[in-house]
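K.L.:
Handing over final.csv, CSV, C-alpha atoms.
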```csv
chain,number,residue,atom,x,y,z
A,272,MET,CA,-165.3,18.4,43.2
A,273,ILE,CA,-164.3,20.0,39.9
A,274,ALA,CA,-167.3,19.9,37.5
A,275,LEU,CA,-166.4,17.9,34.4
A,276,PHE,CA,-169.5,18.6,32.4
A,277,LYS,CA,-169.1,22.4,32.0
A,278,LYS,CA,-168.9,24.6,28.9
A,279,ARG,CA,-165.3,25.9,28.7
A,280,ASN,CA,-163.1,28.3,26.7
A,281,PHE,CA,-159.4,28.4,26.4
A,282,ASN,CA,-158.7,29.8,29.9
A,283,ASP,CA,-161.1,27.3,31.5
A,284,TYR,CA,-159.4,24.3,29.9
A,285,LEU,CA,-156.1,25.5,31.5
A,286,ASN,CA,-157.5,26.6,34.9
A,287,ASP,CA,-159.7,23.6,35.5
A,288,THR,CA,-156.9,21.2,34.7
A,289,PHE,CA,-154.6,22.8,37.4
A,290,SER,CA,-157.6,23.2,39.8
A,291,PHE,CA,-158.3,19.5,39.4
A,292,PHE,CA,-154.8,18.5,40.4
A,293,LYS,CA,-154.8,21.1,43.2
A,294,LYS,CA,-157.9,19.7,44.7
A,295,ASP,CA,-157.8,15.9,43.8
A,296,GLY,CA,-154.2,15.5,42.6
A,297,LYS,CA,-153.2,13.6,45.8
A,298,HIS,CA,-155.9,11.0,45.3
A,299,PHE,CA,-155.2,10.8,41.5
A,300,LEU,CA,-151.4,10.3,41.9
A,301,LYS,CA,-151.7,7.9,44.8
A,302,ASN,CA,-153.8,5.6,42.7
A,303,TYR,CA,-151.5,6.2,39.7
A,304,PHE,CA,-148.5,5.0,41.6
A,305,VAL,CA,-150.4,2.0,43.1
A,306,LEU,CA,-151.3,0.9,39.6
A,307,ASN,CA,-148.1,1.9,37.7
A,308,GLY,CA,-145.4,1.7,40.4
A,309,ILE,CA,-144.3,-1.9,39.8
A,310,PHE,CA,-144.2,-1.3,36.0
A,311,LEU,CA,-142.2,1.9,36.4
A,312,LEU,CA,-139.7,0.1,38.6
A,313,LEU,CA,-139.3,-2.7,36.0
A,314,LEU,CA,-138.8,0.0,33.3
A,315,VAL,CA,-136.0,1.5,35.4
A,316,VAL,CA,-134.3,-1.9,35.6
A,317,PHE,CA,-134.4,-2.3,31.9
A,318,ILE,CA,-133.1,1.2,31.3
A,319,TYR,CA,-130.3,0.5,33.8
A,320,PHE,CA,-129.1,-2.6,32.0
A,321,LEU,CA,-129.4,-1.1,28.5
A,322,SER,CA,-127.5,2.1,29.6
A,323,LYS,CA,-124.9,0.1,31.5
A,324,ILE,CA,-124.0,-2.1,28.5
A,325,TYR,CA,-124.1,0.9,26.1
A,326,PHE,CA,-122.0,3.3,28.1
A,327,GLU,CA,-119.4,0.6,29.1
A,328,ALA,CA,-119.0,-0.3,25.5
A,329,ILE,CA,-118.8,3.3,24.2
A,330,PHE,CA,-116.4,4.5,27.0
A,331,SER,CA,-114.1,1.5,26.6
A,332,THR,CA,-113.5,2.7,23.0
A,333,LEU,CA,-112.4,6.0,24.5
A,334,ASP,CA,-110.1,4.4,27.0
A,335,GLN,CA,-106.6,4.6,25.4
A,336,THR,CA,-105.3,2.1,27.9
A,337,ASN,CA,-107.2,-0.5,26.0
A,338,PRO,CA,-106.5,0.4,22.3
A,339,GLY,CA,-107.5,-3.0,20.9
A,340,TYR,CA,-111.0,-3.0,22.3
A,341,ASN,CA,-113.7,-3.6,19.7
A,342,PHE,CA,-117.1,-2.2,20.6
A,343,VAL,CA,-119.2,-4.4,18.3
A,344,GLU,CA,-117.3,-7.6,19.2
A,345,GLU,CA,-117.6,-6.9,22.9
A,346,LEU,CA,-121.3,-6.3,22.7
A,347,PHE,CA,-122.0,-9.4,20.7
A,348,ASN,CA,-119.6,-11.7,22.6
A,349,GLU,CA,-120.3,-10.8,26.2
A,350,ASN,CA,-123.6,-8.9,26.5
A,351,LEU,CA,-125.7,-9.9,23.6
A,352,GLY,CA,-128.2,-12.0,25.6
A,353,VAL,CA,-128.7,-9.3,28.3
A,354,PHE,CA,-128.8,-6.6,25.7
A,355,ILE,CA,-131.5,-8.3,23.6
A,356,ALA,CA,-133.6,-9.3,26.6
A,357,SER,CA,-133.4,-5.8,28.1
A,358,LEU,CA,-134.2,-4.2,24.7
A,359,ILE,CA,-137.3,-6.5,24.1
A,360,GLY,CA,-138.4,-6.0,27.7
A,361,PHE,CA,-138.0,-2.2,27.5
A,362,ILE,CA,-140.0,-2.0,24.2
A,363,LEU,CA,-142.9,-4.3,25.4
A,364,LEU,CA,-143.1,-2.6,28.8
A,365,SER,CA,-142.9,0.9,27.3
A,366,LEU,CA,-145.8,0.0,25.0
A,367,PHE,CA,-147.9,-1.5,27.8
A,368,LEU,CA,-147.1,1.5,30.1
A,369,THR,CA,-148.0,4.0,27.3
A,370,LEU,CA,-151.4,2.3,26.9
A,371,LEU,CA,-152.0,2.1,30.7
A,372,ASN,CA,-150.9,5.8,31.1
A,373,PHE,CA,-153.3,6.9,28.5
A,374,ALA,CA,-156.2,4.8,29.8
A,375,TYR,CA,-155.7,5.5,33.5
A,376,PRO,CA,-156.8,9.2,33.5
A,377,ILE,CA,-159.7,8.4,31.2
A,378,ILE,CA,-161.0,5.7,33.6
A,379,TYR,CA,-160.2,7.9,36.6
A,380,LEU,CA,-162.3,10.8,35.3
A,381,ASP,CA,-165.1,8.4,34.3
A,382,LYS,CA,-165.2,7.2,37.9
A,383,TYR,CA,-164.8,10.8,39.2
A,384,ASP,CA,-168.0,11.6,37.3
A,385,GLN,CA,-169.8,8.5,38.5
A,386,PHE,CA,-169.0,9.1,42.1
A,387,GLN,CA,-169.3,12.9,41.9
A,388,GLY,CA,-165.8,13.3,43.3
A,389,SER,CA,-162.8,11.3,44.4
A,390,ASN,CA,-164.6,9.2,47.0
A,391,PHE,CA,-163.8,5.9,45.2
A,392,SER,CA,-161.1,3.3,45.8
A,393,THR,CA,-158.3,1.9,43.8
A,394,ALA,CA,-160.4,-1.3,43.3
A,395,GLU,CA,-163.0,0.7,41.4
A,396,ILE,CA,-160.3,2.0,39.0
A,397,ILE,CA,-158.8,-1.5,38.6
A,398,ASN,CA,-162.3,-2.9,37.8
A,399,GLY,CA,-162.8,-0.1,35.3
A,400,LEU,CA,-159.5,-0.9,33.6
A,401,LYS,CA,-160.3,-4.6,33.5
A,402,ALA,CA,-163.7,-4.0,32.0
A,403,LYS,CA,-162.2,-1.8,29.3
A,404,MET,CA,-159.0,-3.8,28.7
A,405,GLY,CA,-160.3,-5.4,25.5
A,406,ARG,CA,-161.3,-2.0,24.1
A,407,ILE,CA,-158.0,-0.5,25.1
A,408,PHE,CA,-156.0,-3.1,23.1
A,409,LEU,CA,-158.5,-3.0,20.2
A,410,PHE,CA,-158.2,0.8,20.0
A,411,PHE,CA,-154.4,0.4,19.8
A,412,ILE,CA,-154.6,-2.2,17.0
A,413,ILE,CA,-157.2,-0.3,14.9
A,414,SER,CA,-155.3,3.0,15.3
A,415,LEU,CA,-152.1,1.2,14.2
A,416,PHE,CA,-153.7,0.5,10.8
A,417,VAL,CA,-156.0,3.5,10.5
A,418,ILE,CA,-154.4,6.6,12.0
A,419,THR,CA,-150.7,5.7,11.9
A,420,PRO,CA,-150.4,5.5,8.1
A,421,ALA,CA,-152.4,8.8,7.8
A,422,ILE,CA,-150.1,10.5,10.3
A,423,ALA,CA,-147.0,9.1,8.5
A,424,ILE,CA,-148.2,10.5,5.1
A,425,LEU,CA,-149.2,13.9,6.7
A,426,PHE,CA,-145.9,14.4,8.4
A,427,THR,CA,-144.0,13.3,5.3
A,428,VAL,CA,-145.8,16.1,3.4
A,429,LEU,CA,-145.2,18.6,6.2
A,430,ILE,CA,-141.5,17.7,6.4
A,431,LEU,CA,-141.2,18.3,2.6
A,432,LEU,CA,-143.1,21.6,3.0
A,433,SER,CA,-140.6,22.6,5.7
A,434,PHE,CA,-138.0,23.2,3.0
A,435,ILE,CA,-140.2,26.2,1.9
A,436,ILE,CA,-140.8,27.4,5.5
A,437,ILE,CA,-144.6,27.0,5.4
A,438,GLY,CA,-144.3,23.4,6.7
A,439,ILE,CA,-142.9,24.5,10.1
A,440,PRO,CA,-145.9,26.4,11.4
A,441,LEU,CA,-148.2,23.8,9.9
A,442,MET,CA,-146.3,21.1,11.8
A,443,MET,CA,-146.7,23.1,15.0
A,444,ILE,CA,-150.4,23.1,14.5
A,445,ALA,CA,-150.7,19.5,13.2
A,446,PHE,CA,-149.0,17.9,16.1
A,447,PRO,CA,-151.3,19.1,18.9
A,448,ALA,CA,-154.3,18.7,16.6
A,449,ILE,CA,-153.6,15.1,15.9
A,450,PHE,CA,-152.7,14.4,19.5
A,451,SER,CA,-156.0,15.9,20.6
A,452,LEU,CA,-157.9,14.0,17.9
A,453,ILE,CA,-156.5,10.7,19.0
A,454,THR,CA,-157.0,11.4,22.7
A,455,LEU,CA,-160.6,12.6,22.3
A,456,THR,CA,-161.3,9.5,20.3
A,457,PHE,CA,-159.9,7.3,23.1
A,458,TYR,CA,-162.0,9.2,25.6
A,459,ASP,CA,-165.2,8.6,23.6
A,460,TYR,CA,-164.3,5.0,22.9
A,461,LEU,CA,-163.7,4.1,26.5
A,462,THR,CA,-166.5,6.0,28.2
A,463,THR,CA,-169.2,5.1,25.7
A,464,GLU,CA,-170.3,2.0,23.8
A,465,ASN,CA,-169.6,3.7,20.5
A,466,GLY,CA,-167.6,1.9,17.8
A,467,TYR,CA,-164.1,3.1,16.8
A,468,PHE,CA,-165.1,5.1,13.8
A,469,THR,CA,-168.1,6.6,15.6
A,470,SER,CA,-165.8,7.8,18.3
A,471,LEU,CA,-163.3,9.1,15.7
A,472,GLY,CA,-166.1,11.0,14.0
A,473,ASN,CA,-167.2,12.5,17.3
A,474,ALA,CA,-163.7,13.5,18.2
A,475,ALA,CA,-163.3,15.2,14.8
A,476,GLY,CA,-166.5,17.1,15.4
A,477,TYR,CA,-165.4,18.3,18.8
A,478,LEU,CA,-162.0,19.4,17.4
A,479,LYS,CA,-163.7,21.2,14.4
A,480,LYS,CA,-166.2,23.1,16.6
A,481,GLN,CA,-163.4,24.6,18.8
A,482,PHE,CA,-160.3,24.1,16.8
A,483,TRP,CA,-158.0,27.0,17.9
A,484,PRO,CA,-158.8,26.9,21.7
A,485,ILE,CA,-158.2,23.1,21.7
A,486,VAL,CA,-155.1,23.2,19.6
A,487,GLY,CA,-153.8,26.2,21.6
A,488,VAL,CA,-154.3,24.8,25.0
A,489,THR,CA,-152.8,21.4,23.9
A,490,MET,CA,-149.8,23.1,22.6
A,491,LEU,CA,-149.4,25.2,25.7
A,492,MET,CA,-149.7,22.2,28.0
A,493,TYR,CA,-147.1,20.3,26.0
A,494,MET,CA,-144.7,23.3,26.2
A,495,ILE,CA,-145.2,23.4,30.0
A,496,ILE,CA,-144.4,19.7,30.3
A,497,GLN,CA,-141.3,20.1,28.1
A,498,VAL,CA,-140.0,22.9,30.2
A,499,VAL,CA,-140.4,20.8,33.4
A,500,LEU,CA,-138.7,17.8,31.8
A,501,THR,CA,-135.8,20.0,30.7
A,502,LEU,CA,-135.4,21.3,34.3
A,503,PHE,CA,-135.4,17.7,35.6
A,504,SER,CA,-132.9,16.5,33.1
A,505,MET,CA,-130.5,19.4,33.0
A,506,ILE,CA,-129.3,19.2,36.6
A,507,PRO,CA,-127.8,15.7,36.4
A,508,TYR,CA,-126.6,16.3,32.8
A,509,VAL,CA,-124.7,19.5,33.7
A,510,ILE,CA,-123.1,17.7,36.7
A,511,ALA,CA,-122.1,14.8,34.5
A,512,MET,CA,-120.6,17.1,31.9
A,513,VAL,CA,-118.7,19.1,34.5
A,514,MET,CA,-117.2,16.0,36.0
A,515,LEU,CA,-116.2,14.6,32.6
A,516,PHE,CA,-114.5,17.7,31.4
A,517,THR,CA,-112.9,18.3,34.9
A,518,SER,CA,-111.4,14.7,34.7
A,519,ILE,CA,-110.0,15.5,31.3
A,520,GLY,CA,-108.2,18.7,32.4
A,521,ASP,CA,-104.8,18.9,30.9
A,522,ARG,CA,-104.5,15.2,30.5
A,523,THR,CA,-103.2,14.0,27.1
A,524,THR,CA,-104.3,10.5,27.7
A,525,GLY,CA,-108.0,11.4,27.9
A,526,PRO,CA,-110.5,10.9,30.7
A,527,THR,CA,-110.0,8.2,33.3
A,528,GLN,CA,-112.1,5.1,33.4
A,529,ASP,CA,-113.5,6.1,36.8
A,530,ALA,CA,-114.6,9.5,35.4
A,531,LEU,CA,-116.2,7.7,32.4
A,532,SER,CA,-118.0,5.3,34.6
A,533,THR,CA,-119.3,8.1,36.8
A,534,PHE,CA,-120.5,9.9,33.7
A,535,GLY,CA,-122.3,6.8,32.5
A,536,VAL,CA,-124.1,6.5,35.8
A,537,LEU,CA,-125.2,10.1,35.8
A,538,MET,CA,-126.3,9.8,32.1
A,539,THR,CA,-128.3,6.8,33.1
A,540,VAL,CA,-129.9,8.9,35.9
A,541,VAL,CA,-130.8,11.5,33.2
A,542,PHE,CA,-132.5,8.9,31.0
A,543,VAL,CA,-134.4,7.4,34.0
A,544,THR,CA,-135.5,10.8,35.2
A,545,VAL,CA,-136.7,12.0,31.9
A,546,ILE,CA,-138.6,8.8,31.0
A,547,LEU,CA,-140.3,8.6,34.5
A,548,ALA,CA,-141.1,12.3,34.6
A,549,ASN,CA,-142.5,12.0,31.0
A,550,TYR,CA,-144.9,9.3,32.1
A,551,ILE,CA,-146.0,11.1,35.2
A,552,LEU,CA,-146.4,14.5,33.6
A,553,ASN,CA,-148.3,13.0,30.7
A,554,ASN,CA,-151.2,12.7,33.1
A,555,LEU,CA,-151.4,16.5,33.1
A,556,LEU,CA,-151.9,16.5,29.3
A,557,ILE,CA,-154.4,13.6,29.3
A,558,VAL,CA,-156.5,15.2,32.1
A,559,ASN,CA,-156.4,18.4,30.1
A,560,GLN,CA,-157.9,16.6,27.1
A,561,GLY,CA,-160.5,15.2,29.5
A,562,MET,CA,-161.6,18.7,30.4
A,563,ILE,CA,-161.9,19.3,26.6
A,564,TYR,CA,-163.9,16.1,26.1
A,565,TYR,CA,-166.4,16.7,28.9
A,566,SER,CA,-166.8,20.3,27.9
A,567,ARG,CA,-167.6,19.4,24.3
A,568,LYS,CA,-170.0,16.7,25.6
A,569,GLU,CA,-171.7,19.4,27.7
A,570,HIS,CA,-172.1,21.6,24.6
A,571,ASP,CA,-173.8,18.8,22.7
A,572,GLU,CA,-175.8,17.1,25.5
A,573,ASN,CA,-176.3,19.8,28.1
A,574,LYS,CA,-176.0,17.2,30.8
A,575,ALA,CA,-175.2,19.6,33.6
A,576,THR,CA,-178.0,21.9,32.6
A,577,PHE,CA,-180.6,19.2,32.6
A,578,GLY,CA,-179.2,17.9,35.9
A,579,GLU,CA,-179.7,21.4,37.5
A,580,ILE,CA,-183.3,21.5,36.2
A,581,ASP,CA,-184.0,18.0,37.6
A,582,SER,CA,-182.5,19.1,40.9
A,583,ILE,CA,-184.7,22.2,41.0
A,584,GLY,CA,-187.7,20.0,40.4
A,585,THR,CA,-186.7,17.6,43.2
A,586,ASN,CA,-186.1,20.4,45.7
A,587,PHE,CA,-189.4,21.9,44.8
A,588,GLU,CA,-191.2,18.7,45.6
```
What does this structure look like when you write it as structure tokens?
P.N.:
Amino acid sequence: MIALFKKRNFNDYLNDTFSFFKKDGKHFLKNYFVLNGIFLLLLVVFIYFLSKIYFEAIFSTLDQTNPGYNFVEELFNENLGVFIASLIGFILLSLFLTLLNFAYPIIYLDKYDQFQGSNFSTAEIINGLKAKMGRIFLFFIISLFVITPAIAILFTVLILLSFIIIGIPLMMIAFPAIFSLITLTFYDYLTTENGYFTSLGNAAGYLKKQFWPIVGVTMLMYMIIQVVLTLFSMIPYVIAMVMLFTSIGDRTTGPTQDALSTFGVLMTVVFVTVILANYILNNLLIVNQGMIYYSRKEHDENKATFGEIDSIGTNFE
């Protein structure tokens, strides 16, 4: 197994994250899809209906064979019910999936530590999530009123500072720092019995003691994920654009309805691909934060060191 309680530097944070997925990624992802698969499929359905309504309405306005078409009137007269239901379903499901996706790696690593490896079942993870469900939702609600306003004020200031250049590098530092602060707080809140503000204080202490390595590796992991997401999305997007412009050709009447429909389908594929890939790849970032959390815990508590001493004593006896 990959040792969670271990004192790490910048390189260790990165290497141990990829080593974890290399060694135990199959078990991690299998359980991830067992728990999240049905919700991801529902999300795809909502995205399909929203995209279908949106693109059909937009492309009908471009179709010169139907010059009297009114986008707003069509939307409200024929698709309002489906559109509102899909939008509400998409927002609620996205919120639930976001919470579940943040909580799953935390619970998984907690079980990974308890069982000293990946020799535990999906039921163990489900029981862990059920036991912490109240704290998961409580964390979200408290953060909504405590951290969200502070973040809004901070980024408003940084955006204003961007007009004098200095805000741009500060924003590049602030984003990974805030993300790490929130995630480390969530780790501490779910894996201990600490209160919210105690966990927030612990996370702030972890971040302060190793600020640049933590911010640097968080930024790097985020950049890696964005590059992969771009690669996933660019292929269907380029195909869609080529088909659209090919259909236009030398036509003076604009693209055909079939070409627009095909373009809409491919753009829907792009949206679905990016959103699903974002949820899946987000595990890489959260596990990386787990390596940071357990490393800082080891610095403060020396759990692995004391365990080795106890092991020596046991073997001696």
K.L.:
Taking 4 positions as the minimum chain separation for residues in the same chain, which residues sit within 10 Å of Leu313 of chain A when counting only C-alpha atoms? Answer as a ChimeraX atom specification.
P.N.:
/A:308-309,317-319,360-361,364
K.L.:
Please report the interatomic distance between atom CA of Ile362 of chain A and atom CA of Leu321 of chain A in Å with one decimal.
P.N.:
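Interatomic distance here is 11.5 Å.
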K.L.:
Check the smallest atom-to-atom distance from each of A:Thr544, A:Ser414, A:Ser504, A:Ala423 to Val315 of chain A using all atoms listed in the file, then report the winner.
P.N.:
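Answer, going by the shortest atom-to-atom distance: A:Thr544.
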K.L.:
Grab the atom CA of Asn559 of chain A to atom CA of Val540 of chain A distance for me, in Å with one decimal place.
P.N.:
28.7 Å
K.L.:
Using all atoms listed in the file, which residues sit within 9 Å of Tyr565 of chain A once same-chain residues fewer than 6 positions away are excluded, as a list in words?
P.N.:
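Selected residues are Leu275, Phe276, Lys277 and Lys278 of chain A.
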K.L.:
I want to know what sits within 10 Å of Tyr467 of chain A, based on only C-alpha atoms, with residues of the same chain fewer than 6 positions away left out; could you give that as an mmCIF file with C-alpha atoms, keeping the file's coordinate frame?
P.N.:
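So the final result, stored in result_15.cif, reads:
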```cif
data_model
loop_
_atom_site.group_PDB
_atom_site.id
_atom_site.type_symbol
_atom_site.label_atom_id
_atom_site.label_comp_id
_atom_site.auth_asym_id
_atom_site.auth_seq_id
_atom_site.Cartn_x
_atom_site.Cartn_y
_atom_site.Cartn_z
ATOM 1 C CA ARG A 406 -161.300 -2.000 24.100
ATOM 2 C CA LEU A 409 -158.500 -3.000 20.200
ATOM 3 C CA PHE A 410 -158.200 0.800 20.000
ATOM 4 C CA ILE A 413 -157.200 -0.300 14.900
ATOM 5 C CA SER A 414 -155.300 3.000 15.300
ATOM 6 C CA THR A 456 -161.300 9.500 20.300
ATOM 7 C CA PHE A 457 -159.900 7.300 23.100
ATOM 8 C CA ASP A 459 -165.200 8.600 23.600
ATOM 9 C CA TYR A 460 -164.300 5.000 22.900
ATOM 10 C CA LEU A 461 -163.700 4.100 26.500
ATOM 11 C CA ASN A 473 -167.200 12.500 17.300
#
```
K.L.:
Residues at most 9 Å from Ile273 of chain A, counting only C-alpha atoms, excluding those fewer than 2 positions away in the same chain, as number ranges by chain?
P.N.:
A: 275, 287, 290-291, 294-295, 387-388
